[in-house]
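Trainee: Got data_27.cif for you, mmCIF, C-alpha atoms:
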```cif
data_upload
#
loop_
_atom_site.group_PDB
_atom_site.id
_atom_site.type_symbol
_atom_site.label_atom_id
_atom_site.label_comp_id
_atom_site.auth_asym_id
_atom_site.auth_seq_id
_atom_site.Cartn_x
_atom_site.Cartn_y
_atom_site.Cartn_z
ATOM 1 C CA MET A 1 -5.318 -10.623 5.930
ATOM 2 C CA PRO A 2 -1.990 -9.371 4.603
ATOM 3 C CA ARG A 3 1.141 -9.411 6.692
ATOM 4 C CA LEU A 4 1.506 -6.135 8.623
ATOM 5 C CA PHE A 5 4.352 -4.090 10.044
ATOM 6 C CA THR A 6 4.965 -0.501 11.111
ATOM 7 C CA GLY A 7 7.715 1.654 9.741
ATOM 8 C CA LEU A 8 9.047 4.960 8.549
ATOM 9 C CA GLU A 9 8.857 5.858 4.891
ATOM 10 C CA ILE A 10 12.052 6.981 3.207
ATOM 11 C CA PRO A 11 11.637 10.339 1.409
ATOM 12 C CA ALA A 12 12.068 10.205 -2.376
ATOM 13 C CA ASP A 13 15.264 12.290 -2.418
ATOM 14 C CA VAL A 14 16.935 10.060 0.180
ATOM 15 C CA ALA A 15 15.672 6.935 -1.595
ATOM 16 C CA ARG A 16 17.241 8.132 -4.856
ATOM 17 C CA GLU A 17 20.561 8.624 -3.077
ATOM 18 C CA LEU A 18 20.325 5.163 -1.527
ATOM 19 C CA ALA A 19 19.588 3.723 -4.965
ATOM 20 C CA MET A 20 22.971 5.037 -6.108
ATOM 21 C CA MET A 21 24.503 2.438 -3.770
ATOM 22 C CA ARG A 22 23.060 -0.428 -5.834
ATOM 23 C CA GLY A 23 25.248 -2.848 -7.745
ATOM 24 C CA GLY A 24 28.604 -4.501 -7.373
ATOM 25 C CA VAL A 25 27.708 -7.626 -5.395
ATOM 26 C CA HIS A 26 27.110 -10.928 -7.179
ATOM 27 C CA GLY A 27 24.128 -12.712 -5.629
ATOM 28 C CA ALA A 28 22.412 -9.517 -4.437
ATOM 29 C CA ARG A 29 18.724 -8.896 -5.079
ATOM 30 C CA TRP A 30 18.423 -5.122 -4.783
ATOM 31 C CA ILE A 31 15.242 -3.782 -3.210
ATOM 32 C CA ASP A 32 13.094 -1.578 -5.448
ATOM 33 C CA VAL A 33 13.516 2.073 -4.486
ATOM 34 C CA GLU A 34 9.795 2.578 -3.844
ATOM 35 C CA ASN A 35 9.950 -0.191 -1.211
ATOM 36 C CA TYR A 36 12.688 1.334 0.958
ATOM 37 C CA HIS A 37 11.514 1.761 4.548
ATOM 38 C CA LEU A 38 12.747 1.552 8.125
ATOM 39 C CA THR A 39 10.802 -1.164 9.950
ATOM 40 C CA LEU A 40 9.747 -0.248 13.465
ATOM 41 C CA ARG A 41 7.708 -3.309 14.457
ATOM 42 C CA PHE A 42 6.903 -6.486 12.533
ATOM 43 C CA ILE A 43 3.358 -7.618 13.341
ATOM 44 C CA GLY A 44 2.778 -10.541 10.989
ATOM 45 C CA ASP A 45 -0.356 -12.145 9.608
ATOM 46 C CA ILE A 46 -3.357 -11.223 11.758
ATOM 47 C CA ASP A 47 -7.131 -11.265 11.350
ATOM 48 C CA VAL A 48 -9.270 -8.197 10.676
ATOM 49 C CA ALA A 49 -10.390 -7.792 14.315
ATOM 50 C CA ALA A 50 -6.778 -7.783 15.519
ATOM 51 C CA ALA A 51 -5.854 -5.330 12.735
ATOM 52 C CA HIS A 52 -8.520 -2.916 14.044
ATOM 53 C CA ASP A 53 -7.078 -3.248 17.567
ATOM 54 C CA VAL A 54 -3.584 -2.565 16.204
ATOM 55 C CA ASP A 55 -4.811 0.526 14.363
ATOM 56 C CA ALA A 56 -6.569 1.869 17.482
ATOM 57 C CA ALA A 57 -3.423 1.336 19.567
ATOM 58 C CA LEU A 58 -1.198 3.053 17.023
ATOM 59 C CA ARG A 59 -3.590 6.023 16.794
ATOM 60 C CA SER A 60 -3.025 6.670 20.507
ATOM 61 C CA ILE A 61 0.674 7.491 19.967
ATOM 62 C CA ARG A 62 1.549 11.166 20.440
ATOM 63 C CA ARG A 63 5.119 12.073 19.540
ATOM 64 C CA ARG A 64 6.929 14.915 17.839
ATOM 65 C CA PRO A 65 8.687 14.712 14.453
ATOM 66 C CA PHE A 66 12.361 13.790 14.723
ATOM 67 C CA GLU A 67 15.506 13.597 12.659
ATOM 68 C CA VAL A 68 16.597 10.225 11.297
ATOM 69 C CA THR A 69 20.231 9.761 10.334
ATOM 70 C CA LEU A 70 21.274 6.886 8.108
ATOM 71 C CA GLU A 71 24.869 6.834 9.225
ATOM 72 C CA SER A 72 26.578 3.828 7.701
ATOM 73 C CA LEU A 73 26.323 0.883 5.378
ATOM 74 C CA GLY A 74 26.537 -2.594 6.831
ATOM 75 C CA SER A 75 25.420 -6.160 6.455
ATOM 76 C CA PHE A 76 23.482 -8.690 8.479
ATOM 77 C CA GLY A 77 24.461 -12.313 8.729
ATOM 78 C CA GLY A 78 28.102 -12.258 9.813
ATOM 79 C CA ALA A 79 30.217 -14.818 7.945
ATOM 80 C CA LYS A 80 27.219 -15.696 5.754
ATOM 81 C CA PRO A 81 25.833 -12.258 4.810
ATOM 82 C CA ARG A 82 22.098 -12.192 4.070
ATOM 83 C CA ALA A 83 21.416 -8.454 3.622
ATOM 84 C CA ILE A 84 23.087 -5.145 2.853
ATOM 85 C CA VAL A 85 21.608 -2.330 4.911
ATOM 86 C CA ALA A 86 21.852 1.376 5.631
ATOM 87 C CA ARG A 87 22.072 1.563 9.424
ATOM 88 C CA ALA A 88 20.153 4.325 11.197
ATOM 89 C CA LYS A 89 21.570 6.087 14.235
ATOM 90 C CA PRO A 90 19.609 4.744 17.241
ATOM 91 C CA THR A 91 18.525 8.122 18.623
ATOM 92 C CA ALA A 92 16.266 8.442 21.655
ATOM 93 C CA PRO A 93 13.147 9.523 19.678
ATOM 94 C CA LEU A 94 13.506 6.583 17.281
ATOM 95 C CA ILE A 95 14.106 4.017 20.031
ATOM 96 C CA GLU A 96 11.267 5.445 22.163
ATOM 97 C CA LEU A 97 8.779 5.344 19.269
ATOM 98 C CA GLN A 98 9.632 1.708 18.570
ATOM 99 C CA ALA A 99 9.458 0.784 22.268
ATOM 100 C CA GLN A 100 6.064 2.456 22.663
ATOM 101 C CA GLN A 101 4.740 0.510 19.682
ATOM 102 C CA GLU A 102 6.113 -2.706 21.188
ATOM 103 C CA ARG A 103 4.305 -2.053 24.483
ATOM 104 C CA LEU A 104 0.998 -1.081 22.852
ATOM 105 C CA LEU A 105 0.986 -4.025 20.462
ATOM 106 C CA ARG A 106 1.668 -6.481 23.285
ATOM 107 C CA ARG A 107 -1.323 -5.021 25.156
ATOM 108 C CA VAL A 108 -3.627 -5.836 22.234
ATOM 109 C CA GLY A 109 -2.358 -9.402 22.057
ATOM 110 C CA ILE A 110 0.429 -9.270 19.453
ATOM 111 C CA ALA A 111 3.294 -11.599 20.394
ATOM 112 C CA PRO A 112 6.531 -9.895 21.498
ATOM 113 C CA GLU A 113 9.087 -9.145 18.814
ATOM 114 C CA ALA A 114 11.696 -11.897 18.913
ATOM 115 C CA ARG A 115 14.580 -9.807 17.553
ATOM 116 C CA LYS A 116 16.298 -6.817 19.104
ATOM 117 C CA PHE A 117 15.430 -3.580 17.300
ATOM 118 C CA THR A 118 18.277 -2.557 14.995
ATOM 119 C CA PRO A 119 17.123 0.449 12.946
ATOM 120 C CA HIS A 120 18.048 0.064 9.292
ATOM 121 C CA VAL A 121 16.878 0.242 5.687
ATOM 122 C CA THR A 122 17.396 -2.968 3.722
ATOM 123 C CA LEU A 123 19.045 -2.216 0.377
ATOM 124 C CA ALA A 124 19.634 -5.769 -0.867
ATOM 125 C CA ARG A 125 18.907 -9.338 0.116
ATOM 126 C CA LEU A 126 21.797 -11.682 -0.482
ATOM 127 C CA ARG A 127 21.834 -15.207 -1.765
ATOM 128 C CA GLN A 128 25.197 -16.917 -1.875
ATOM 129 C CA ALA A 129 27.116 -13.641 -1.876
ATOM 130 C CA SER A 130 30.655 -14.104 -0.644
ATOM 131 C CA ASN A 131 31.726 -12.478 2.580
ATOM 132 C CA MET A 132 34.684 -10.928 0.718
ATOM 133 C CA ALA A 133 32.456 -9.405 -1.993
ATOM 134 C CA VAL A 134 30.232 -7.823 0.651
ATOM 135 C CA ALA A 135 33.237 -6.535 2.608
ATOM 136 C CA ASP A 136 34.720 -5.017 -0.564
ATOM 137 C CA TYR A 137 31.360 -3.412 -1.413
ATOM 138 C CA LEU A 138 31.040 -1.862 2.067
ATOM 139 C CA ALA A 139 34.640 -0.661 2.152
ATOM 140 C CA SER A 140 34.348 1.055 -1.234
ATOM 141 C CA ARG A 141 31.226 3.014 -0.238
ATOM 142 C CA ALA A 142 31.761 3.769 3.443
ATOM 143 C CA PHE A 143 33.375 7.175 2.914
ATOM 144 C CA ILE A 144 30.430 8.611 0.927
ATOM 145 C CA PHE A 145 27.592 7.612 3.209
ATOM 146 C CA SER A 146 25.466 9.791 5.486
ATOM 147 C CA LYS A 147 21.803 10.641 4.834
ATOM 148 C CA HIS A 148 19.294 12.574 6.952
ATOM 149 C CA PHE A 149 15.534 13.116 6.903
ATOM 150 C CA THR A 150 12.756 14.206 9.226
ATOM 151 C CA ALA A 151 10.225 11.577 10.258
ATOM 152 C CA SER A 152 6.895 13.392 10.339
ATOM 153 C CA ARG A 153 4.758 10.254 10.469
ATOM 154 C CA PHE A 154 4.956 6.506 10.812
ATOM 155 C CA VAL A 155 2.812 4.088 8.846
ATOM 156 C CA LEU A 156 1.194 0.676 8.976
ATOM 157 C CA PHE A 157 2.409 -1.272 5.953
ATOM 158 C CA SER A 158 1.036 -4.455 4.455
ATOM 159 C CA SER A 159 2.911 -6.868 2.256
ATOM 160 C CA ARG A 160 2.289 -10.082 0.445
ATOM 161 C CA ASP A 161 3.698 -13.263 1.895
ATOM 162 C CA SER A 162 6.798 -13.534 -0.275
ATOM 163 C CA VAL A 163 10.555 -13.718 -0.086
ATOM 164 C CA GLY A 164 10.681 -10.075 1.019
ATOM 165 C CA GLY A 165 11.293 -6.819 -0.691
ATOM 166 C CA GLY A 166 7.717 -5.754 -1.409
ATOM 167 C CA PRO A 167 5.524 -4.556 -2.784
ATOM 168 C CA TYR A 168 4.474 -2.705 0.344
ATOM 169 C CA VAL A 169 1.216 -0.812 0.734
ATOM 170 C CA VAL A 170 0.549 1.966 3.262
ATOM 171 C CA GLU A 171 -2.630 0.873 5.051
ATOM 172 C CA ALA A 172 -2.718 3.763 7.560
ATOM 173 C CA ALA A 173 -0.571 6.760 8.469
ATOM 174 C CA TYR A 174 -0.050 8.235 11.937
ATOM 175 C CA PRO A 175 1.287 11.795 12.077
ATOM 176 C CA LEU A 176 4.000 12.876 14.446
ATOM 177 C CA ALA A 177 2.611 16.280 15.397
ATOM 178 C CA ALA A 178 4.708 19.289 16.331
ATOM 179 C CA GLU A 179 1.985 20.592 18.635
ATOM 180 C CA PRO A 180 3.052 21.527 22.154
ATOM 181 C CA ASP A 181 1.899 19.205 24.907
ATOM 182 C CA GLU A 182 -1.363 20.273 26.490
ATOM 183 C CA ALA A 183 -1.078 21.695 29.981
ATOM 184 C CA PRO A 184 -2.811 19.600 32.620
ATOM 185 C CA ARG A 185 -6.295 20.821 33.576
ATOM 186 C CA TRP A 186 -5.147 21.649 37.089
ATOM 187 C CA ALA A 187 -2.498 24.028 35.685
ATOM 188 C CA ALA A 188 -5.106 26.009 33.722
ATOM 189 C CA ALA A 189 -7.433 26.162 36.747
ATOM 190 C CA ARG A 190 -4.609 27.487 38.900
ATOM 191 C CA ARG A 191 -4.040 30.443 36.549
ATOM 192 C CA ALA A 192 -7.707 31.473 36.693
#
```
Represent the structure of the file as structure tokens.
Mentor:
Amino acid sequence: MPRLFTGLEIPADVARELAMMRGGVHGARWIDVENYHLTLRFIGDIDVAAAHDVDAALRSIRRRPFEVTLESLGSFGGAKPRAIVARAKPTAPLIELQAQQERLLRRVGIAPEARKFTPHVTLARLRQASNMAVADYLASRAFIFSKHFTASRFVLFSSRDSVGGGPYVVEAAYPLAAEPDEAPRWAAARRA
């Protein structure tokens, strides 16, 4: 079974704008534009039966669409940078969606996520890039960065076991519906 994870797709217009940030760092392997995404929950390599359980759990999620703001560029890895990322604002709807997925996936037997959720889109993976080169890159682009989009669904992605960066395949999509919450049955009976 392929390696699985959930995430938000990045709309084509936002992805094109993010692609304009590419270049200028020696040792960077820039992610292909079609593989940009915001990971919600890494699942890993699981068997087909577990994948069906994951799908059923994810289908139970009922949430409204929400705005995602990519608010800054940054890096992961501290003194030894390993990735350049577009950081997403950790809004309540985004954090709550991720937390609900975490709870549901634990219930179906998926091990807890080891890392704290830090919403971001990976733009480049770094190999032997100097801390100074990354700092210069971030400083030169910080003033032009702010992107927004509406998340109207989340997806279950699969990927090959590789060094990262794709290709990613959408295995299933789960809409975030704008429908109003149903009134409880007792509320309808009371009006009658």
Trainee: I'd like the contact shell of segment 37-52 of chain A - 7 Å cut-off, only C-alpha atoms, skipping same-chain residues fewer than 4 positions apart - returned as a PyMOL selection string.
Mentor: chain A and resi 1-10+56+98+102+110+119-121
Trainee: Please write out, as lines of an AutoDock Vina configuration file, where the centre of an axis-aligned box around all listed atoms of segment 134-145 of chain A lies and how long its edges are, in Å to one decimal, after adding 6 Å on each side.
Mentor:
```
center_x = 31.2
center_y = 0.4
center_z = 1.0
size_x = 19.1
size_y = 28.4
size_z = 16.9
```
Trainee: Could you tell me how far atom CA of Val14 of chain A lies from atom CA of Leu97 of chain A, in Å and to one decimal?
Mentor: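 Interatomic distance here is 21.3 Å.
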Trainee: Applied to the shown file, which residues does the PyMOL selection byres ((chain A and resi 57) around 12) return, written as a ChimeraX atom specification?
Mentor: /A:50-56,58-62,100-110,156,174
Trainee: Would you mind reading off the distance between atom CA of Val134 of chain A and atom CA of Val25 of chain A, one decimal, in Å?
Mentor: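 Computing it gives 6.6 Å between the two atoms.
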Trainee: Would you tabulate, counting only C-alpha atoms, all residues of segment 109-151 of chain A that have an atom at most 9 Å from an atom of segment 76-89 of chain A, showing the closest pair of atoms and their distance in Å to one decimal, sorted by chain then ascending number, as a tab-separated table?
Mentor:
```
residue	atom	partner	partner_atom	distance
A:Thr118	CA	A:Arg87	CA	7.9
A:Pro119	CA	A:Ala88	CA	5.2
A:His120	CA	A:Arg87	CA	4.3
A:Val121	CA	A:Ala86	CA	5.1
A:Thr122	CA	A:Val85	CA	4.4
A:Leu123	CA	A:Val85	CA	5.2
A:Ala124	CA	A:Ile84	CA	5.1
A:Arg125	CA	A:Ala83	CA	4.4
A:Leu126	CA	A:Arg82	CA	4.6
A:Arg127	CA	A:Arg82	CA	6.6
A:Gln128	CA	A:Lys80	CA	8.0
A:Ala129	CA	A:Pro81	CA	6.9
A:Ser130	CA	A:Lys80	CA	7.4
A:Asn131	CA	A:Ala79	CA	6.0
A:Val134	CA	A:Pro81	CA	7.5
A:Leu138	CA	A:Ile84	CA	8.6
A:Phe145	CA	A:Ala86	CA	8.8
```
Trainee: Using all atoms listed in the file for the distances, tell me which of A:Pro93, A:Lys147, A:Met132, A:Leu176 is nearest to Arg16 of chain A.
Mentor: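 Selected residue with least distance to Arg16 of chain A: A:Lys147.
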Trainee: Exactly which residues make up the result of the PyMOL selection byres ((chain A and resi 66) around 6) on this file, given as a list in words?
Mentor: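 Here the PyMOL selection byres ((chain A and resi 66) around 6) matches Pro65, Glu67, Thr150 and Ala151 of chain A.
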Trainee: Work out how far atom CA of Ala28 of chain A is from atom CA of Ser140 of chain A, in Å to one decimal.
Mentor: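 These atoms are spaced 16.3 Å apart.
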Trainee: Which is closest to Ala19 of chain A among A:Ser158, A:Asn35, A:Ser75, A:Ser152, if we use only C-alpha atoms?
Mentor: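 The answer is A:Asn35, which sits nearest to Ala19 of chain A.
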Trainee: Which of these residues is nearest to Glu17 of chain A, using all atoms listed in the file: A:Asp136, A:Ser146, A:Gly74, A:Glu96?
Mentor: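 Among A:Asp136, A:Ser146, A:Gly74, A:Glu96, it is A:Ser146 that comes nearest to Glu17 of chain A.
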Trainee: Taking all atoms listed in the file into account, name the residue in A:Arg141, A:Asp13, A:Phe154, A:Glu113 that is nearest to Val170 of chain A.
Mentor: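 For Val170 of chain A, the nearest of the given residues is A:Phe154.
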Trainee: At a cut-off of 10 Å, using all atoms listed in the file, what residues contact Ala12 of chain A? Leave out same-chain residues fewer than 5 positions from it and give the result as a ChimeraX atom specification.
Mentor: /A:17-18,33-34,36
